[in-house]
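A quick write-up on the structure given underneath.
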Amino acid sequence: MKIGLVGYKGSGKSSLFHWLSGIAPDLALSHSLQSAAVSLPEPRFKALMEIYRPKKTTYASIELVDTPGLSRDDQRNNPQRLALLREADALVWVVPVFENNDPTKEINAFREDTVLADLEIVLNRIEKVEEQNKRPVPRAEHEKFAFELETLKILQEGLENGHPVPEEQLTQDQQRVIRGFRLLNGKPKMFIFNTADEETDLEQYKKYTEEGIATAAVSARLELELAAMTAEEKTAFLDEMQLPCADKDTILKMLLDTSGQSTFLTAGEKELRTWLMPKGGTAIEAAGAIHTDMVKGFIRAEVMKADDLIRLGSERAVKAEGLVTRESKDYVVKDGDILLFHFS
């Protein structure tokens with residue numbers, strides 16, 4: 001699961017990467033990608049470790065990707081730099097709101113750059129399909145090219161008007177046509193506003209984004225300074241300066257939600273672990289996240305809630321209360337589920 005950070009030069013994007021990943025930006029990678037695996041928080045782990053005393057604990061992780069800063073003045077290289085993000089599953093737009101930066105102007109520039117980058121992809125593909133369709137090909141293949149061309153023209157019109165066509169407005173067949181292009185405007189996105197150290201009104205930035213888009217405000221520079229302090233120094237500093245403090249775990253949970261993923265747990269004396277799977281996925285998909293053999297031989301999943309286990313203190317007590325259920329492959333996995341799979 002890749003989450004791409006994108007922003008203009010000087011936005012503080014790399015500082016945000018440093019804070020979230022704990023890895024300092026590498027100047028040697030300033031013109032390419034730098035990535036880091038970032039463990040996702042699971043607040044129930046501490047209590048569950050007291051119950052199981054596992055030999056090993058493993059957190060699910062996302063791959064956070066820092067990209068070269070975009071240029072506000074010379075936009076010729078922006079499509080090429082944005083192309084590095086096509087493999088990302090979701091995008092985080094980092095918007096600076098310090099030193100009199102205008103958030104509206106910044107966000108509009110983002111949209112324009114991503115539209116142009118996608119339009120370049122679509123136009124190049126249209127040219128290739130039109131060329132292929134001129135050749136003598138079987139009727140079925142000609143119809144396939146014609147359908148792809150029709151779909152691409154819909155995308156072209158939307159992008160040229162500055163209004164990318166949402167995926168839900170396309171048919172299933174049209175969505176299959178464009179899926180391989182990994183268009184930037186089709187990816188889930190989140191905004192993080194990088195604020196000045198003294199900023200306290202963090203809610204004001206939500207007005208700059210569309211309704212339903214995840215939004216957070218962080219002072220990346222301040223958070224990096226705080227991360228270098230001891231807990232006592234951090235508390236004293238924040239109290240003295242009366243400054244807000246961002247919660248890294250909350251930001252990481254927002255990134256997970258934005259990407260359309262969720263986690264489930266497996267637990268035992270050998271290992272306590274969280275796993276990634278699509279949000280709203282089923283027990284058979286959860287089994288597949290662990291191993292394909294579990295999918296082939298799936299029999300059932302035993303499910304208990306982590307909160308029930310923590311409240312009652314043992315698996316035996318949870319079973320005695322009748323709170324362990326046996327579920328089929330179609331069971332929709334929920335947050336906090338601990339799964340035990342039976343398979344042949």
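Ordered as shown in the structure tokens, chains take letters A, B, and onward, while each chain numbers its residues from 1 and ligands are numbered from 1 in the order shown.
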
Contact residues around A:Ala227 with only C-alpha atoms at 9 Å, ignoring same-chain residues under 5 positions, as number ranges by chain:
A: 19, 22, 222, 234

Please build the interface table for stretch 221-306 of chain A against stretch 318-331 of chain A with a cut-off of 8 Å, listing for each qualifying residue the nearest atom pair and the distance in Å to one decimal; count only C-alpha atoms, order rows by chain and increasing number, and write it as a tab-separated table.
residue	atom	partner	partner_atom	distance
A:Thr282	CA	A:Tyr331	CA	5.2
A:Ala283	CA	A:Lys329	CA	4.9
A:Ile284	CA	A:Lys329	CA	4.7
A:Phe298	CA	A:Lys329	CA	7.4
A:Ile299	CA	A:Ser328	CA	7.5
A:Arg300	CA	A:Ser328	CA	5.2
A:Ala301	CA	A:Glu327	CA	5.2
A:Glu302	CA	A:Arg326	CA	4.7
A:Val303	CA	A:Thr325	CA	5.3
A:Met304	CA	A:Val324	CA	4.9
A:Lys305	CA	A:Leu323	CA	7.9

Could you save those same residues with C-alpha atoms as a PDB file, in the first residue's frame?
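Saved the output as out.pdb:
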ATOM      1  CA  THR A 282     -14.761 -10.174   3.517  1.00  0.00           C
ATOM      2  CA  ALA A 283     -13.285 -13.023   5.531  1.00  0.00           C
ATOM      3  CA  ILE A 284     -12.020 -14.711   2.363  1.00  0.00           C
ATOM      4  CA  PHE A 298     -11.095 -21.862   3.369  1.00  0.00           C
ATOM      5  CA  ILE A 299     -13.530 -23.558   5.751  1.00  0.00           C
ATOM      6  CA  ARG A 300     -14.561 -20.854   8.200  1.00  0.00           C
ATOM      7  CA  ALA A 301     -13.297 -17.976  10.315  1.00  0.00           C
ATOM      8  CA  GLU A 302     -13.667 -17.738  14.082  1.00  0.00           C
ATOM      9  CA  VAL A 303     -14.203 -14.103  15.040  1.00  0.00           C
ATOM     10  CA  MET A 304     -13.998 -12.295  18.341  1.00  0.00           C
ATOM     11  CA  LYS A 305     -13.795  -8.618  19.130  1.00  0.00           C
TER      12      LYS A 305
END

If you run DSSP on the backbone here, which positions in stretch 151-313 of chain A get helix (DSSP H, G or I)? Please write them as a PDB file with N, CA and C atoms, in the first residue's frame.
ATOM      1  N   THR A 151     -14.151   5.821 -24.753  1.00  0.00           N
ATOM      2  CA  THR A 151     -13.925   6.074 -23.327  1.00  0.00           C
ATOM      3  C   THR A 151     -12.871   7.160 -23.121  1.00  0.00           C
ATOM      4  N   LEU A 152     -11.788   7.080 -23.885  1.00  0.00           N
ATOM      5  CA  LEU A 152     -10.719   8.067 -23.765  1.00  0.00           C
ATOM      6  C   LEU A 152     -11.195   9.463 -24.151  1.00  0.00           C
ATOM      7  N   LYS A 153     -12.077   9.545 -25.129  1.00  0.00           N
ATOM      8  CA  LYS A 153     -12.605  10.851 -25.549  1.00  0.00           C
ATOM      9  C   LYS A 153     -13.443  11.485 -24.432  1.00  0.00           C
ATOM     10  N   ILE A 154     -14.150  10.649 -23.685  1.00  0.00           N
ATOM     11  CA  ILE A 154     -14.917  11.154 -22.534  1.00  0.00           C
ATOM     12  C   ILE A 154     -13.966  11.754 -21.501  1.00  0.00           C
ATOM     13  N   LEU A 155     -12.867  11.028 -21.250  1.00  0.00           N
ATOM     14  CA  LEU A 155     -11.876  11.528 -20.298  1.00  0.00           C
ATOM     15  C   LEU A 155     -11.224  12.808 -20.810  1.00  0.00           C
ATOM     16  N   GLN A 156     -10.897  12.827 -22.098  1.00  0.00           N
ATOM     17  CA  GLN A 156     -10.255  13.999 -22.702  1.00  0.00           C
ATOM     18  C   GLN A 156     -11.128  15.244 -22.538  1.00  0.00           C
ATOM     19  N   GLU A 157     -12.409  15.107 -22.836  1.00  0.00           N
ATOM     20  CA  GLU A 157     -13.307  16.260 -22.735  1.00  0.00           C
ATOM     21  C   GLU A 157     -13.372  16.787 -21.309  1.00  0.00           C
ATOM     22  N   GLY A 158     -13.469  15.869 -20.344  1.00  0.00           N
ATOM     23  CA  GLY A 158     -13.532  16.296 -18.950  1.00  0.00           C
ATOM     24  C   GLY A 158     -12.256  16.998 -18.511  1.00  0.00           C
ATOM     25  N   LEU A 159     -11.106  16.429 -18.860  1.00  0.00           N
ATOM     26  CA  LEU A 159      -9.826  17.005 -18.455  1.00  0.00           C
ATOM     27  C   LEU A 159      -9.584  18.357 -19.123  1.00  0.00           C
ATOM     28  N   GLU A 160      -9.947  18.479 -20.395  1.00  0.00           N
ATOM     29  CA  GLU A 160      -9.747  19.751 -21.098  1.00  0.00           C
ATOM     30  C   GLU A 160     -10.633  20.856 -20.529  1.00  0.00           C
ATOM     31  N   GLU A 167     -14.805   8.311 -11.438  1.00  0.00           N
ATOM     32  CA  GLU A 167     -14.896   6.912 -11.850  1.00  0.00           C
ATOM     33  C   GLU A 167     -16.322   6.395 -11.771  1.00  0.00           C
ATOM     34  N   GLU A 168     -17.089   6.861 -10.768  1.00  0.00           N
ATOM     35  CA  GLU A 168     -18.453   6.353 -10.601  1.00  0.00           C
ATOM     36  C   GLU A 168     -19.389   6.769 -11.740  1.00  0.00           C
ATOM     37  N   GLN A 169     -18.979   7.740 -12.557  1.00  0.00           N
ATOM     38  CA  GLN A 169     -19.792   8.143 -13.706  1.00  0.00           C
ATOM     39  C   GLN A 169     -19.501   7.293 -14.943  1.00  0.00           C
ATOM     40  N   GLN A 172     -18.761  -0.089 -15.726  1.00  0.00           N
ATOM     41  CA  GLN A 172     -17.738  -1.046 -15.286  1.00  0.00           C
ATOM     42  C   GLN A 172     -16.741  -1.333 -16.407  1.00  0.00           C
ATOM     43  N   ASP A 173     -17.243  -1.469 -17.641  1.00  0.00           N
ATOM     44  CA  ASP A 173     -16.355  -1.740 -18.773  1.00  0.00           C
ATOM     45  C   ASP A 173     -15.423  -0.549 -19.036  1.00  0.00           C
ATOM     46  N   GLN A 174     -15.961   0.668 -18.907  1.00  0.00           N
ATOM     47  CA  GLN A 174     -15.122   1.862 -19.111  1.00  0.00           C
ATOM     48  C   GLN A 174     -14.066   1.970 -18.015  1.00  0.00           C
ATOM     49  N   GLN A 175     -14.429   1.628 -16.795  1.00  0.00           N
ATOM     50  CA  GLN A 175     -13.462   1.663 -15.697  1.00  0.00           C
ATOM     51  C   GLN A 175     -12.330   0.676 -15.940  1.00  0.00           C
ATOM     52  N   ARG A 176     -12.659  -0.489 -16.491  1.00  0.00           N
ATOM     53  CA  ARG A 176     -11.623  -1.471 -16.794  1.00  0.00           C
ATOM     54  C   ARG A 176     -10.650  -0.954 -17.856  1.00  0.00           C
ATOM     55  N   VAL A 177     -11.169  -0.185 -18.810  1.00  0.00           N
ATOM     56  CA  VAL A 177     -10.329   0.371 -19.863  1.00  0.00           C
ATOM     57  C   VAL A 177      -9.265   1.302 -19.300  1.00  0.00           C
ATOM     58  N   ILE A 178      -9.657   2.154 -18.338  1.00  0.00           N
ATOM     59  CA  ILE A 178      -8.741   3.202 -17.867  1.00  0.00           C
ATOM     60  C   ILE A 178      -7.923   2.796 -16.640  1.00  0.00           C
ATOM     61  N   ARG A 179      -8.235   1.646 -16.053  1.00  0.00           N
ATOM     62  CA  ARG A 179      -7.590   1.274 -14.792  1.00  0.00           C
ATOM     63  C   ARG A 179      -6.072   1.226 -14.902  1.00  0.00           C
ATOM     64  N   GLY A 180      -5.573   0.744 -16.009  1.00  0.00           N
ATOM     65  CA  GLY A 180      -4.132   0.601 -16.166  1.00  0.00           C
ATOM     66  C   GLY A 180      -3.394   1.915 -16.316  1.00  0.00           C
ATOM     67  N   PHE A 181      -4.112   3.015 -16.581  1.00  0.00           N
ATOM     68  CA  PHE A 181      -3.458   4.312 -16.754  1.00  0.00           C
ATOM     69  C   PHE A 181      -3.068   4.936 -15.419  1.00  0.00           C
ATOM     70  N   LEU A 184      -3.968  10.236 -12.008  1.00  0.00           N
ATOM     71  CA  LEU A 184      -3.804  10.900 -10.711  1.00  0.00           C
ATOM     72  C   LEU A 184      -5.141  11.380 -10.158  1.00  0.00           C
ATOM     73  N   ASN A 185      -6.013  11.868 -11.048  1.00  0.00           N
ATOM     74  CA  ASN A 185      -7.292  12.397 -10.585  1.00  0.00           C
ATOM     75  C   ASN A 185      -8.286  11.303 -10.202  1.00  0.00           C
ATOM     76  N   GLY A 186      -7.920  10.058 -10.442  1.00  0.00           N
ATOM     77  CA  GLY A 186      -8.775   8.959 -10.023  1.00  0.00           C
ATOM     78  C   GLY A 186      -8.367   8.368  -8.686  1.00  0.00           C
ATOM     79  N   LEU A 202      -6.638  25.299  13.866  1.00  0.00           N
ATOM     80  CA  LEU A 202      -6.374  24.295  12.840  1.00  0.00           C
ATOM     81  C   LEU A 202      -7.625  23.923  12.035  1.00  0.00           C
ATOM     82  N   GLU A 203      -8.811  24.256  12.537  1.00  0.00           N
ATOM     83  CA  GLU A 203     -10.040  23.871  11.853  1.00  0.00           C
ATOM     84  C   GLU A 203     -10.338  24.754  10.639  1.00  0.00           C
ATOM     85  N   GLN A 204      -9.700  25.907  10.569  1.00  0.00           N
ATOM     86  CA  GLN A 204     -10.062  26.871   9.526  1.00  0.00           C
ATOM     87  C   GLN A 204      -9.743  26.396   8.121  1.00  0.00           C
ATOM     88  N   TYR A 205      -8.855  25.409   7.977  1.00  0.00           N
ATOM     89  CA  TYR A 205      -8.401  25.029   6.645  1.00  0.00           C
ATOM     90  C   TYR A 205      -9.349  24.084   5.924  1.00  0.00           C
ATOM     91  N   LYS A 206     -10.306  23.520   6.642  1.00  0.00           N
ATOM     92  CA  LYS A 206     -11.245  22.602   6.001  1.00  0.00           C
ATOM     93  C   LYS A 206     -12.087  23.302   4.932  1.00  0.00           C
ATOM     94  N   LYS A 207     -12.239  24.607   5.053  1.00  0.00           N
ATOM     95  CA  LYS A 207     -13.057  25.343   4.082  1.00  0.00           C
ATOM     96  C   LYS A 207     -12.424  25.379   2.702  1.00  0.00           C
ATOM     97  N   TYR A 208     -11.142  25.058   2.611  1.00  0.00           N
ATOM     98  CA  TYR A 208     -10.459  25.122   1.319  1.00  0.00           C
ATOM     99  C   TYR A 208     -10.605  23.826   0.511  1.00  0.00           C
ATOM    100  N   ALA A 220       4.896  20.869  10.434  1.00  0.00           N
ATOM    101  CA  ALA A 220       5.911  19.826  10.275  1.00  0.00           C
ATOM    102  C   ALA A 220       7.212  20.196  10.983  1.00  0.00           C
ATOM    103  N   ARG A 221       7.599  21.474  10.883  1.00  0.00           N
ATOM    104  CA  ARG A 221       8.842  21.907  11.522  1.00  0.00           C
ATOM    105  C   ARG A 221       8.753  21.759  13.041  1.00  0.00           C
ATOM    106  N   LEU A 222       7.631  22.174  13.614  1.00  0.00           N
ATOM    107  CA  LEU A 222       7.447  22.051  15.058  1.00  0.00           C
ATOM    108  C   LEU A 222       7.449  20.588  15.488  1.00  0.00           C
ATOM    109  N   GLU A 223       6.746  19.739  14.733  1.00  0.00           N
ATOM    110  CA  GLU A 223       6.673  18.327  15.113  1.00  0.00           C
ATOM    111  C   GLU A 223       8.039  17.650  15.066  1.00  0.00           C
ATOM    112  N   LEU A 224       8.869  18.040  14.117  1.00  0.00           N
ATOM    113  CA  LEU A 224      10.224  17.487  14.071  1.00  0.00           C
ATOM    114  C   LEU A 224      11.027  17.899  15.296  1.00  0.00           C
ATOM    115  N   GLU A 225      10.872  19.147  15.704  1.00  0.00           N
ATOM    116  CA  GLU A 225      11.573  19.621  16.897  1.00  0.00           C
ATOM    117  C   GLU A 225      11.075  18.879  18.134  1.00  0.00           C
ATOM    118  N   LEU A 226       9.766  18.678  18.225  1.00  0.00           N
ATOM    119  CA  LEU A 226       9.191  17.988  19.375  1.00  0.00           C
ATOM    120  C   LEU A 226       9.625  16.525  19.419  1.00  0.00           C
ATOM    121  N   ALA A 227       9.765  15.912  18.240  1.00  0.00           N
ATOM    122  CA  ALA A 227      10.150  14.497  18.175  1.00  0.00           C
ATOM    123  C   ALA A 227      11.548  14.263  18.731  1.00  0.00           C
ATOM    124  N   ALA A 231       9.891  13.187  26.604  1.00  0.00           N
ATOM    125  CA  ALA A 231       8.478  13.418  26.902  1.00  0.00           C
ATOM    126  C   ALA A 231       8.306  14.596  27.857  1.00  0.00           C
ATOM    127  N   GLU A 232       9.202  14.698  28.852  1.00  0.00           N
ATOM    128  CA  GLU A 232       9.105  15.783  29.826  1.00  0.00           C
ATOM    129  C   GLU A 232       9.408  17.134  29.171  1.00  0.00           C
ATOM    130  N   GLU A 233      10.440  17.156  28.330  1.00  0.00           N
ATOM    131  CA  GLU A 233      10.797  18.399  27.640  1.00  0.00           C
ATOM    132  C   GLU A 233       9.668  18.840  26.710  1.00  0.00           C
ATOM    133  N   LYS A 234       9.068  17.884  26.033  1.00  0.00           N
ATOM    134  CA  LYS A 234       7.985  18.189  25.097  1.00  0.00           C
ATOM    135  C   LYS A 234       6.789  18.798  25.819  1.00  0.00           C
ATOM    136  N   THR A 235       6.396  18.193  26.935  1.00  0.00           N
ATOM    137  CA  THR A 235       5.253  18.699  27.706  1.00  0.00           C
ATOM    138  C   THR A 235       5.524  20.101  28.228  1.00  0.00           C
ATOM    139  N   ALA A 236       6.723  20.316  28.774  1.00  0.00           N
ATOM    140  CA  ALA A 236       7.072  21.634  29.316  1.00  0.00           C
ATOM    141  C   ALA A 236       7.095  22.694  28.213  1.00  0.00           C
ATOM    142  N   PHE A 237       7.635  22.342  27.054  1.00  0.00           N
ATOM    143  CA  PHE A 237       7.732  23.281  25.938  1.00  0.00           C
ATOM    144  C   PHE A 237       6.345  23.683  25.444  1.00  0.00           C
ATOM    145  N   LEU A 238       5.478  22.707  25.253  1.00  0.00           N
ATOM    146  CA  LEU A 238       4.131  23.002  24.751  1.00  0.00           C
ATOM    147  C   LEU A 238       3.331  23.834  25.752  1.00  0.00           C
ATOM    148  N   ASP A 239       3.496  23.530  27.038  1.00  0.00           N
ATOM    149  CA  ASP A 239       2.790  24.299  28.072  1.00  0.00           C
ATOM    150  C   ASP A 239       3.289  25.741  28.100  1.00  0.00           C
ATOM    151  N   GLU A 240       4.587  25.897  28.028  1.00  0.00           N
ATOM    152  CA  GLU A 240       5.158  27.243  28.099  1.00  0.00           C
ATOM    153  C   GLU A 240       4.773  28.085  26.887  1.00  0.00           C
ATOM    154  N   MET A 241       4.831  27.485  25.698  1.00  0.00           N
ATOM    155  CA  MET A 241       4.561  28.223  24.471  1.00  0.00           C
ATOM    156  C   MET A 241       3.089  28.224  24.097  1.00  0.00           C
ATOM    157  N   LYS A 248       0.519  11.970  15.648  1.00  0.00           N
ATOM    158  CA  LYS A 248       0.986  11.206  14.483  1.00  0.00           C
ATOM    159  C   LYS A 248       0.081  10.006  14.211  1.00  0.00           C
ATOM    160  N   ASP A 249      -0.347   9.323  15.272  1.00  0.00           N
ATOM    161  CA  ASP A 249      -1.193   8.151  15.084  1.00  0.00           C
ATOM    162  C   ASP A 249      -2.500   8.512  14.391  1.00  0.00           C
ATOM    163  N   THR A 250      -3.060   9.667  14.744  1.00  0.00           N
ATOM    164  CA  THR A 250      -4.301  10.116  14.105  1.00  0.00           C
ATOM    165  C   THR A 250      -4.081  10.370  12.618  1.00  0.00           C
ATOM    166  N   ILE A 251      -2.959  11.008  12.280  1.00  0.00           N
ATOM    167  CA  ILE A 251      -2.646  11.274  10.872  1.00  0.00           C
ATOM    168  C   ILE A 251      -2.479   9.969  10.108  1.00  0.00           C
ATOM    169  N   LEU A 252      -1.768   9.008  10.691  1.00  0.00           N
ATOM    170  CA  LEU A 252      -1.563   7.727  10.017  1.00  0.00           C
ATOM    171  C   LEU A 252      -2.885   6.984   9.827  1.00  0.00           C
ATOM    172  N   LYS A 253      -3.786   7.082  10.808  1.00  0.00           N
ATOM    173  CA  LYS A 253      -5.104   6.453  10.666  1.00  0.00           C
ATOM    174  C   LYS A 253      -5.886   7.123   9.535  1.00  0.00           C
ATOM    175  N   MET A 254      -5.755   8.434   9.392  1.00  0.00           N
ATOM    176  CA  MET A 254      -6.412   9.139   8.298  1.00  0.00           C
ATOM    177  C   MET A 254      -5.846   8.695   6.946  1.00  0.00           C
ATOM    178  N   LEU A 255      -4.536   8.487   6.884  1.00  0.00           N
ATOM    179  CA  LEU A 255      -3.924   7.999   5.651  1.00  0.00           C
ATOM    180  C   LEU A 255      -4.473   6.614   5.293  1.00  0.00           C
ATOM    181  N   LEU A 256      -4.612   5.767   6.293  1.00  0.00           N
ATOM    182  CA  LEU A 256      -5.145   4.427   6.068  1.00  0.00           C
ATOM    183  C   LEU A 256      -6.569   4.502   5.547  1.00  0.00           C
ATOM    184  N   ASP A 257      -7.406   5.318   6.182  1.00  0.00           N
ATOM    185  CA  ASP A 257      -8.800   5.466   5.751  1.00  0.00           C
ATOM    186  C   ASP A 257      -8.891   6.012   4.329  1.00  0.00           C
ATOM    187  N   THR A 258      -8.040   7.008   4.029  1.00  0.00           N
ATOM    188  CA  THR A 258      -8.045   7.611   2.698  1.00  0.00           C
ATOM    189  C   THR A 258      -7.700   6.585   1.626  1.00  0.00           C
ATOM    190  N   ALA A 283     -14.191 -12.099   4.848  1.00  0.00           N
ATOM    191  CA  ALA A 283     -13.285 -13.023   5.531  1.00  0.00           C
ATOM    192  C   ALA A 283     -12.364 -13.730   4.539  1.00  0.00           C
ATOM    193  N   ILE A 284     -12.864 -14.035   3.352  1.00  0.00           N
ATOM    194  CA  ILE A 284     -12.020 -14.711   2.363  1.00  0.00           C
ATOM    195  C   ILE A 284     -10.907 -13.773   1.877  1.00  0.00           C
ATOM    196  N   GLU A 285     -11.189 -12.469   1.798  1.00  0.00           N
ATOM    197  CA  GLU A 285     -10.155 -11.499   1.424  1.00  0.00           C
ATOM    198  C   GLU A 285      -9.131 -11.360   2.541  1.00  0.00           C
ATOM    199  N   ALA A 286      -9.591 -11.397   3.776  1.00  0.00           N
ATOM    200  CA  ALA A 286      -8.670 -11.339   4.913  1.00  0.00           C
ATOM    201  C   ALA A 286      -7.756 -12.564   4.913  1.00  0.00           C
ATOM    202  N   ALA A 287      -8.326 -13.719   4.617  1.00  0.00           N
ATOM    203  CA  ALA A 287      -7.514 -14.934   4.547  1.00  0.00           C
ATOM    204  C   ALA A 287      -6.448 -14.796   3.459  1.00  0.00           C
ATOM    205  N   GLY A 288      -6.834 -14.209   2.327  1.00  0.00           N
ATOM    206  CA  GLY A 288      -5.899 -14.010   1.231  1.00  0.00           C
ATOM    207  C   GLY A 288      -4.785 -13.053   1.568  1.00  0.00           C
ATOM    208  N   ALA A 289      -5.060 -12.111   2.485  1.00  0.00           N
ATOM    209  CA  ALA A 289      -4.013 -11.177   2.911  1.00  0.00           C
ATOM    210  C   ALA A 289      -2.897 -11.901   3.659  1.00  0.00           C
ATOM    211  N   ILE A 290      -3.233 -13.040   4.253  1.00  0.00           N
ATOM    212  CA  ILE A 290      -2.241 -13.818   4.997  1.00  0.00           C
ATOM    213  C   ILE A 290      -1.525 -14.805   4.078  1.00  0.00           C
ATOM    214  N   THR A 292      -2.335 -17.276   0.200  1.00  0.00           N
ATOM    215  CA  THR A 292      -3.277 -17.749  -0.822  1.00  0.00           C
ATOM    216  C   THR A 292      -3.795 -19.151  -0.519  1.00  0.00           C
ATOM    217  N   ASP A 293      -3.015 -19.975   0.182  1.00  0.00           N
ATOM    218  CA  ASP A 293      -3.478 -21.325   0.527  1.00  0.00           C
ATOM    219  C   ASP A 293      -4.729 -21.279   1.396  1.00  0.00           C
ATOM    220  N   MET A 294      -4.844 -20.235   2.208  1.00  0.00           N
ATOM    221  CA  MET A 294      -6.015 -20.102   3.068  1.00  0.00           C
ATOM    222  C   MET A 294      -7.269 -19.832   2.250  1.00  0.00           C
ATOM    223  N   VAL A 295      -7.102 -19.183   1.124  1.00  0.00           N
ATOM    224  CA  VAL A 295      -8.241 -18.914   0.243  1.00  0.00           C
ATOM    225  C   VAL A 295      -8.700 -20.210  -0.412  1.00  0.00           C
ATOM    226  N   LYS A 296      -7.750 -20.973  -0.919  1.00  0.00           N
ATOM    227  CA  LYS A 296      -8.085 -22.214  -1.630  1.00  0.00           C
ATOM    228  C   LYS A 296      -8.796 -23.217  -0.722  1.00  0.00           C
ATOM    229  N   ALA A 306     -11.685  -7.612  19.685  1.00  0.00           N
ATOM    230  CA  ALA A 306     -10.567  -7.291  20.571  1.00  0.00           C
ATOM    231  C   ALA A 306     -11.058  -6.609  21.845  1.00  0.00           C
ATOM    232  N   ASP A 307     -12.040  -5.736  21.704  1.00  0.00           N
ATOM    233  CA  ASP A 307     -12.552  -5.021  22.885  1.00  0.00           C
ATOM    234  C   ASP A 307     -13.189  -5.984  23.881  1.00  0.00           C
ATOM    235  N   ASP A 308     -13.896  -7.020  23.390  1.00  0.00           N
ATOM    236  CA  ASP A 308     -14.469  -8.030  24.292  1.00  0.00           C
ATOM    237  C   ASP A 308     -13.368  -8.788  25.010  1.00  0.00           C
ATOM    238  N   LEU A 309     -12.327  -9.155  24.272  1.00  0.00           N
ATOM    239  CA  LEU A 309     -11.214  -9.899  24.860  1.00  0.00           C
ATOM    240  C   LEU A 309     -10.507  -9.071  25.925  1.00  0.00           C
ATOM    241  N   ILE A 310     -10.285  -7.802  25.647  1.00  0.00           N
ATOM    242  CA  ILE A 310      -9.614  -6.929  26.618  1.00  0.00           C
ATOM    243  C   ILE A 310     -10.485  -6.750  27.858  1.00  0.00           C
ATOM    244  N   ARG A 311     -11.782  -6.617  27.645  1.00  0.00           N
ATOM    245  CA  ARG A 311     -12.714  -6.408  28.765  1.00  0.00           C
ATOM    246  C   ARG A 311     -12.802  -7.649  29.660  1.00  0.00           C
ATOM    247  N   LEU A 312     -12.817  -8.846  29.050  1.00  0.00           N
ATOM    248  CA  LEU A 312     -13.018 -10.071  29.814  1.00  0.00           C
ATOM    249  C   LEU A 312     -11.708 -10.731  30.231  1.00  0.00           C
TER     250      LEU A 312
END

Residues near stretch 33-36 of chain A, cut-off 12 Å, only C-alpha atoms, skip fewer than 5 positions along chain, as a PyMOL selection string
chain A and resi 1-6+13-14+17-28+61-69+81-85+87-88

Would you mind reading off the distance between atom CA of A:Thr57 and atom CA of A:Glu271, one decimal, in Å?
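A separation of 5.5 Å between them.
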
Identify, with DSSP run on backbone atoms, the residues in stretch 19-177 of chain A assigned to strand (DSSP E or B), and express the list as JSON, numbers by chain.
{"A": [34, 35, 36, 37, 38, 39, 56, 57, 58, 61, 62, 63, 64, 65, 66, 70, 90, 91, 92, 93, 94, 95, 96, 97]}

Straight-line distance linking atom CA of A:Gly12 with atom CA of A:Arg182, stated in Å to one decimal
25.8 Å

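Candidate residues A:Phe191, A:Arg273, A:Arg86, A:Ala196 were compared for distance to A:Ser39, and the nearest is A:Arg273, using only C-alpha atoms.
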
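Coordinates place atom CA of A:Trp275 at a distance of 19.6 Å from atom CA of A:Gly297.
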
Quick one: residues within 9 Å of stretch 121-138 of chain A, only C-alpha atoms counted, chain neighbours fewer than 2 positions away excluded, as a ChimeraX atom specification?
/A:116-119,140-143,145-146,148-149,152-153,155-156,181,183

Restricting the calculation to only C-alpha atoms, which member of A:Met277, A:Leu265, A:Leu48, A:Ala217 is positioned closest to A:Phe341?
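Comparing A:Met277, A:Leu265, A:Leu48, A:Ala217 against A:Phe341, the winner is A:Leu265.
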